[in-house]
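K.L.:
Dropping the structure in here first, questions after.
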Protein chains: 2
Amino acid sequence: MARESQVSITVIRRLPIYHRYLGDLLKKGINRISSQELSNLTGFTASQIRQDLNNFGGFGQQGYGYNVEDLHRELGKILGLDQQYNVVVAGAVNLGHAITLYRGFKEAGFNIVGVFDKNPDNPRYAGRNLEVKHLDGLEDFIKNNNVHIGVITTAKELAQEVADIYVRCGIKAIWNFATIDLAVPEDVALENVRLSESLYTLSYYLRNRENIQD
Amino acid sequence: MARESQVSITVIRRLPIYHRYLGDLLKKGINRISSQELSNLTGFTASQIRQDLNNFGGFGQQGYGYNVEDLHRELGKILGLDQQYNVVVAGAVNLGHAITLYRGFKEAGFNIVGVFDKNPDNPRYAGRNLEVKHLDGLEDFIKNNNVHIGVITTAKELAQEVADIYVRCGIKAIWNFATIDLAVPEDVALENVRLSESLYTLSYYLRNRENIQD
């Protein structure tokens, strides 16, 4: 994926971490922090933090540190969190549904405007406060609505087809939970969530504990 | 967290990636692969791949490459996927429920043996094929059952309390979805899933695209 910004993805991935910590500090009423204190909190070196933030502007002052509220707000803007995003979810089962209900996303400006599934009449959805539309209507829906982000929580067999629809309709950001590598054009941002890989680090650890216990 | 194994976490995180690609190759009936071909697939250098795998044994042969089936199986063992794990989930809403239904986990040997929530009678759960027990019963349940992994999908305010219960009951692996840093002893593996951070890389990208469009 071509990054039109000059900032590397490694730096970009640290920004939400800073944003989260600053948000917590704000809630605690702490309004000033040094890069060293931020380093103690985040685990990144103070120098790395300063370097990261310098990509985006002259935050902080020598001898003062950073103003928490200002920095939190500015990082929020940089992360695009001061805007609203229309999001569609393809694959209503399980994760798809979970994503639609995740309160944190709505608060951050991500609005689920449509949920689609191959089997919208699955009895599992009955009783939920969720309108699931048939996947066949996905393309038309996107064309008739201003959708910014496409989520893929379908089975892996459907994932590329859904990605193709998203791309065809002009969506430039895809959040993929399917355990497959998707092919997308260079100007489309693709973020993969690899839950299995995350979980397997735990089974790795448990297995290694057992192997060396006395 | 103390890693009793000598292998660094950076290497460990690559293993499930190799495992996934090898699984796909196996399904396609491809039974032999060179480190260069694996490099083309995964994006890691051939030398990194060989180095990673050398931590665990003499896989592969000069001039031959790797036997896909053998390597997939051996990596599966290293990742502990040849074993069964009993898993409890605290926080049945949304993600918690989604996790319980994620078919891939069950297939990989992760069995959800209990799901707990502060409000087990939430009408949202009615109609689902899911027994949700009250969070108050979590500790007793773990003590009376052989639980290997504890999942945390509660609101962040409850997360540390749940982590403390897990630790107190002897659970050595925690999978945390709450947006908070948990305090756990050194011998407990803690894997955090940061969904917001993942999603914000997309909003960052969308914001930057807009800023430089003509």
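Every chain in the structure tokens has a letter given in the order shown (A, B, ...), and although residue numbers restart at 1 in each chain, ligands are simply numbered from 1 in the order shown.
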Which residues come within 9 Å of Ile180 in chain B, counting only C-alpha atoms, excluding same-chain residues fewer than 5 positions away, as a PyMOL selection string?
P.N.:
(chain A and resi 20) or (chain B and resi 156-157+159-160+192)
K.L.:
Restricted to N, CA and C atoms, what would the selected residues look like written as a short mmCIF file (atom, residue, chain, number, x, y, z; two decimals), in the first residue's frame?
P.N.:
```
data_model
loop_
_atom_site.label_atom_id
_atom_site.label_comp_id
_atom_site.auth_asym_id
_atom_site.auth_seq_id
_atom_site.Cartn_x
_atom_site.Cartn_y
_atom_site.Cartn_z
N ARG A 20 -4.11 7.03 23.57
CA ARG A 20 -4.80 6.32 24.65
C ARG A 20 -4.27 6.74 26.01
N LYS B 156 -13.42 -1.69 30.58
CA LYS B 156 -12.08 -1.52 31.15
C LYS B 156 -12.08 -1.38 32.66
N GLU B 157 -13.20 -0.90 33.21
CA GLU B 157 -13.28 -0.70 34.67
C GLU B 157 -13.20 -2.02 35.44
N ALA B 159 -11.67 -4.83 34.15
CA ALA B 159 -10.63 -5.70 33.60
C ALA B 159 -9.56 -6.12 34.62
N GLN B 160 -9.07 -5.17 35.40
CA GLN B 160 -8.01 -5.53 36.35
C GLN B 160 -8.53 -6.50 37.41
N ASN B 192 -2.38 -8.60 24.67
CA ASN B 192 -3.38 -7.56 24.51
C ASN B 192 -3.81 -7.44 23.06
#
```
K.L.:
Which neighbours of Ser39 in chain A fall inside 10 Å, counting only C-alpha atoms, when residues of the same chain fewer than 5 positions from it are skipped, and could you give them as a PyMOL selection string?
P.N.:
chain A and resi 18+34+44-50
K.L.:
Would you output that residue set with N, CA, C and O atoms, as an mmCIF file, in the first residue's frame?
P.N.:
```cif
data_model
loop_
_atom_site.group_PDB
_atom_site.id
_atom_site.type_symbol
_atom_site.label_atom_id
_atom_site.label_comp_id
_atom_site.auth_asym_id
_atom_site.auth_seq_id
_atom_site.Cartn_x
_atom_site.Cartn_y
_atom_site.Cartn_z
ATOM 1 N N TYR A 18 -0.073 6.504 22.153
ATOM 2 C CA TYR A 18 0.102 7.791 22.842
ATOM 3 C C TYR A 18 -1.266 8.396 23.147
ATOM 4 O O TYR A 18 -1.521 8.873 24.252
ATOM 5 N N SER A 34 6.116 14.974 30.710
ATOM 6 C CA SER A 34 7.388 15.025 30.000
ATOM 7 C C SER A 34 7.507 13.787 29.111
ATOM 8 O O SER A 34 6.790 12.806 29.306
ATOM 9 N N PHE A 44 8.128 3.090 25.363
ATOM 10 C CA PHE A 44 8.997 3.574 24.280
ATOM 11 C C PHE A 44 9.984 4.566 24.875
ATOM 12 O O PHE A 44 9.696 5.222 25.868
ATOM 13 N N THR A 45 11.150 4.693 24.249
ATOM 14 C CA THR A 45 12.132 5.629 24.794
ATOM 15 C C THR A 45 11.638 7.061 24.619
ATOM 16 O O THR A 45 10.888 7.367 23.688
ATOM 17 N N ALA A 46 12.084 7.922 25.512
ATOM 18 C CA ALA A 46 11.681 9.329 25.454
ATOM 19 C C ALA A 46 12.087 9.925 24.109
ATOM 20 O O ALA A 46 11.368 10.722 23.508
ATOM 21 N N SER A 47 13.238 9.518 23.654
ATOM 22 C CA SER A 47 13.751 10.024 22.381
ATOM 23 C C SER A 47 12.874 9.583 21.208
ATOM 24 O O SER A 47 12.572 10.351 20.299
ATOM 25 N N GLN A 48 12.420 8.332 21.257
ATOM 26 C CA GLN A 48 11.534 7.823 20.209
ATOM 27 C C GLN A 48 10.229 8.612 20.186
ATOM 28 O O GLN A 48 9.730 8.991 19.128
ATOM 29 N N ILE A 49 9.698 8.866 21.369
ATOM 30 C CA ILE A 49 8.443 9.597 21.487
ATOM 31 C C ILE A 49 8.586 11.003 20.897
ATOM 32 O O ILE A 49 7.760 11.450 20.095
ATOM 33 N N ARG A 50 9.664 11.674 21.265
ATOM 34 C CA ARG A 50 9.872 13.047 20.764
ATOM 35 C C ARG A 50 10.012 13.029 19.242
ATOM 36 O O ARG A 50 9.447 13.861 18.537
#
```
K.L.:
Please give the complete set of residues from range 44-181 of chain A that DSSP, run on the backbone, assigns to helix (DSSP H, G or I), formatted as number ranges by chain.
P.N.:
A: 46-54, 68-78, 95-101, 103-107, 123-125, 135-144, 156-168
K.L.:
If you keep C-alpha atoms, can you produce a file of those selected residues as a short mmCIF file (atom, residue, chain, number, x, y, z; two decimals), in the first residue's frame?
P.N.:
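Final output, saved to again.cif:
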```
data_model
loop_
_atom_site.label_atom_id
_atom_site.label_comp_id
_atom_site.auth_asym_id
_atom_site.auth_seq_id
_atom_site.Cartn_x
_atom_site.Cartn_y
_atom_site.Cartn_z
CA ALA A 46 11.68 9.33 25.45
CA SER A 47 13.75 10.02 22.38
CA GLN A 48 11.53 7.82 20.21
CA ILE A 49 8.44 9.60 21.49
CA ARG A 50 9.87 13.05 20.76
CA GLN A 51 10.97 11.91 17.34
CA ASP A 52 7.56 10.45 16.55
CA LEU A 53 5.73 13.60 17.58
CA ASN A 54 8.17 15.85 15.76
CA VAL A 68 -1.74 16.72 27.79
CA GLU A 69 -4.99 18.20 26.58
CA ASP A 70 -3.46 19.88 23.55
CA LEU A 71 -1.41 16.88 22.56
CA HIS A 72 -4.35 14.51 23.01
CA ARG A 73 -6.51 16.73 20.85
CA GLU A 74 -3.86 17.18 18.17
CA LEU A 75 -3.13 13.47 18.02
CA GLY A 76 -6.85 12.90 17.77
CA LYS A 77 -6.91 15.13 14.71
CA ILE A 78 -3.88 13.47 13.21
CA LEU A 95 -17.19 -10.78 15.07
CA GLY A 96 -19.19 -8.75 12.60
CA HIS A 97 -21.95 -8.30 15.08
CA ALA A 98 -19.55 -7.68 17.90
CA ILE A 99 -17.92 -4.91 15.96
CA THR A 100 -21.26 -3.25 15.31
CA LEU A 101 -21.95 -3.05 19.02
CA ARG A 103 -19.38 1.28 21.92
CA GLY A 104 -15.85 2.65 21.76
CA PHE A 105 -15.96 2.85 18.00
CA LYS A 106 -19.13 4.90 17.88
CA GLU A 107 -17.74 7.27 20.47
CA PRO A 123 -32.20 -17.26 13.36
CA ARG A 124 -29.17 -16.26 15.38
CA TYR A 125 -29.85 -12.64 14.52
CA LEU A 135 -24.74 -9.45 0.95
CA ASP A 136 -26.10 -9.05 -2.59
CA GLY A 137 -27.17 -5.53 -1.66
CA LEU A 138 -23.72 -4.47 -0.48
CA GLU A 139 -22.55 -2.90 -3.72
CA ASP A 140 -25.67 -0.85 -4.32
CA PHE A 141 -25.70 0.28 -0.73
CA ILE A 142 -22.16 1.60 -0.86
CA LYS A 143 -22.81 3.34 -4.17
CA ASN A 144 -25.85 5.07 -2.67
CA LYS A 156 -12.20 -16.47 4.42
CA GLU A 157 -13.75 -17.90 1.25
CA LEU A 158 -15.83 -14.74 0.76
CA ALA A 159 -13.28 -12.22 1.91
CA GLN A 160 -11.59 -11.41 -1.40
CA GLU A 161 -14.92 -11.06 -3.17
CA VAL A 162 -16.04 -8.57 -0.52
CA ALA A 163 -12.76 -6.71 -0.75
CA ASP A 164 -13.24 -6.46 -4.51
CA ILE A 165 -16.67 -4.94 -4.01
CA TYR A 166 -15.28 -2.43 -1.55
CA VAL A 167 -12.49 -1.45 -3.93
CA ARG A 168 -14.81 -1.28 -6.91
#
```
K.L.:
As a compact mmCIF listing (two decimals) with all heavy atoms, in the first residue's frame, could you give me every residue of chain A near chain B (at most 6 Å apart, counting only C-alpha atoms)?
P.N.:
```
# COMPACT_ATOMS: atom_id res chain seq x y z
N PRO A 16 -1.80 5.86 18.14
CA PRO A 16 -2.98 5.54 18.95
C PRO A 16 -2.60 5.16 20.38
O PRO A 16 -3.39 5.34 21.30
CB PRO A 16 -3.62 4.35 18.21
CG PRO A 16 -3.06 4.37 16.83
CD PRO A 16 -1.68 4.94 16.98
N LEU A 79 -5.01 11.44 13.87
CA LEU A 79 -5.56 10.11 13.68
C LEU A 79 -6.94 10.16 13.01
O LEU A 79 -7.57 9.14 12.82
CB LEU A 79 -5.68 9.38 15.03
CG LEU A 79 -4.33 8.93 15.62
CD1 LEU A 79 -4.52 8.49 17.07
CD2 LEU A 79 -3.72 7.80 14.80
N GLY A 80 -7.37 11.37 12.70
CA GLY A 80 -8.65 11.50 12.01
C GLY A 80 -9.84 11.28 12.90
O GLY A 80 -10.96 11.05 12.43
N ASN A 94 -21.00 -13.42 14.55
CA ASN A 94 -19.92 -13.33 15.52
C ASN A 94 -19.22 -11.98 15.53
O ASN A 94 -19.74 -10.99 15.97
CB ASN A 94 -18.88 -14.44 15.27
CG ASN A 94 -19.50 -15.78 15.08
OD1 ASN A 94 -20.66 -15.99 15.38
ND2 ASN A 94 -18.72 -16.71 14.56
N LEU A 95 -18.01 -11.98 15.02
CA LEU A 95 -17.19 -10.78 15.07
C LEU A 95 -17.86 -9.58 14.41
O LEU A 95 -17.77 -8.47 14.90
CB LEU A 95 -15.84 -11.03 14.41
CG LEU A 95 -14.86 -11.80 15.27
CD1 LEU A 95 -13.62 -12.15 14.46
CD2 LEU A 95 -14.46 -10.99 16.48
N ALA A 98 -20.26 -8.26 16.76
CA ALA A 98 -19.55 -7.68 17.90
C ALA A 98 -19.03 -6.29 17.56
O ALA A 98 -19.14 -5.36 18.34
CB ALA A 98 -18.40 -8.59 18.32
N ALA A 173 -10.34 2.25 2.61
CA ALA A 173 -9.82 1.69 3.86
C ALA A 173 -10.60 0.43 4.21
O ALA A 173 -11.84 0.46 4.29
CB ALA A 173 -9.95 2.73 4.99
N GLU A 197 -3.35 -15.47 15.41
CA GLU A 197 -1.92 -15.28 15.67
C GLU A 197 -1.69 -14.73 17.07
O GLU A 197 -0.76 -15.12 17.76
CB GLU A 197 -1.31 -14.37 14.60
CG GLU A 197 -1.18 -15.08 13.26
CD GLU A 197 -0.91 -14.16 12.09
OE1 GLU A 197 -0.41 -13.03 12.31
OE2 GLU A 197 -1.18 -14.57 10.94
N LEU A 202 -0.13 -17.20 23.13
CA LEU A 202 -0.44 -17.71 24.47
C LEU A 202 -0.25 -19.22 24.55
O LEU A 202 0.29 -19.73 25.53
CB LEU A 202 -1.88 -17.33 24.87
CG LEU A 202 -2.11 -15.85 25.16
CD1 LEU A 202 -3.58 -15.59 25.46
CD2 LEU A 202 -1.24 -15.36 26.31
N SER A 203 -0.71 -19.94 23.54
CA SER A 203 -0.52 -21.40 23.58
C SER A 203 0.96 -21.73 23.49
O SER A 203 1.43 -22.69 24.09
CB SER A 203 -1.32 -22.09 22.48
OG SER A 203 -1.02 -21.58 21.20
N TYR A 204 1.71 -20.93 22.74
CA TYR A 204 3.16 -21.13 22.67
C TYR A 204 3.74 -21.02 24.07
O TYR A 204 4.53 -21.87 24.50
CB TYR A 204 3.81 -20.08 21.76
CG TYR A 204 5.32 -20.12 21.80
CD1 TYR A 204 6.03 -20.87 20.87
CD2 TYR A 204 6.04 -19.45 22.79
CE1 TYR A 204 7.41 -20.95 20.91
CE2 TYR A 204 7.42 -19.53 22.85
CZ TYR A 204 8.11 -20.28 21.90
OH TYR A 204 9.47 -20.35 21.96
N ARG A 207 2.79 -23.96 26.36
CA ARG A 207 3.51 -25.17 26.00
C ARG A 207 4.95 -25.11 26.50
O ARG A 207 5.48 -26.09 27.00
CB ARG A 207 3.51 -25.34 24.48
CG ARG A 207 4.30 -26.55 24.03
CD ARG A 207 4.59 -26.46 22.55
NE ARG A 207 5.51 -27.49 22.13
CZ ARG A 207 6.84 -27.35 22.16
NH1 ARG A 207 7.39 -26.24 22.60
NH2 ARG A 207 7.61 -28.33 21.73
```
K.L.:
Identify, with DSSP run on backbone atoms, the residues in range 52-162 of chain A assigned to strand (DSSP E or B), and express the list as a list of chain:residue names.
P.N.:
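These are the residues in question: A:Gln61, A:Gly65, A:Tyr66, A:Asn67, A:Tyr85, A:Asn86, A:Val87, A:Val88, A:Val89, A:Ala90, A:Phe110, A:Asn111, A:Ile112, A:Val113, A:Gly114, A:Val115, A:Phe116, A:Asp117, A:Val132, A:Lys133, A:His134, A:Ile149, A:Gly150, A:Val151, A:Ile152.
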K.L.:
Between CA of Gly60 in chain A and CA of Thr10 in chain A, what is the distance, to one decimal in Å?
P.N.:
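Value for the CA of Gly60 in chain A-CA of Thr10 in chain A distance: 21.5 Å.
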K.L.:
As an exercise, work out the distance from CA of Ala155 in chain A to CA of Leu25 in chain B in Å and give it to one decimal place.
P.N.:
18.3 Å
K.L.:
Skipping near chain neighbours, those fewer than 3 positions away, what residues fall within 8 Å of Gly65 in chain B using only C-alpha atoms, listed as a PDB file with C-alpha atoms, in the first residue's frame?
P.N.:
```pdb
ATOM      1  CA  ARG B  32       7.714 -28.620  -0.571  1.00  0.00           C
ATOM      2  CA  ILE B  33       8.868 -25.042  -0.238  1.00  0.00           C
ATOM      3  CA  SER B  34      12.111 -23.136  -0.129  1.00  0.00           C
ATOM      4  CA  SER B  35      12.852 -20.358   2.307  1.00  0.00           C
ATOM      5  CA  GLY B  60      14.626 -28.190   6.010  1.00  0.00           C
ATOM      6  CA  GLN B  61      17.506 -29.367   3.960  1.00  0.00           C
ATOM      7  CA  GLN B  62      20.013 -27.445   1.947  1.00  0.00           C
TER       8      GLN B  62
END
```
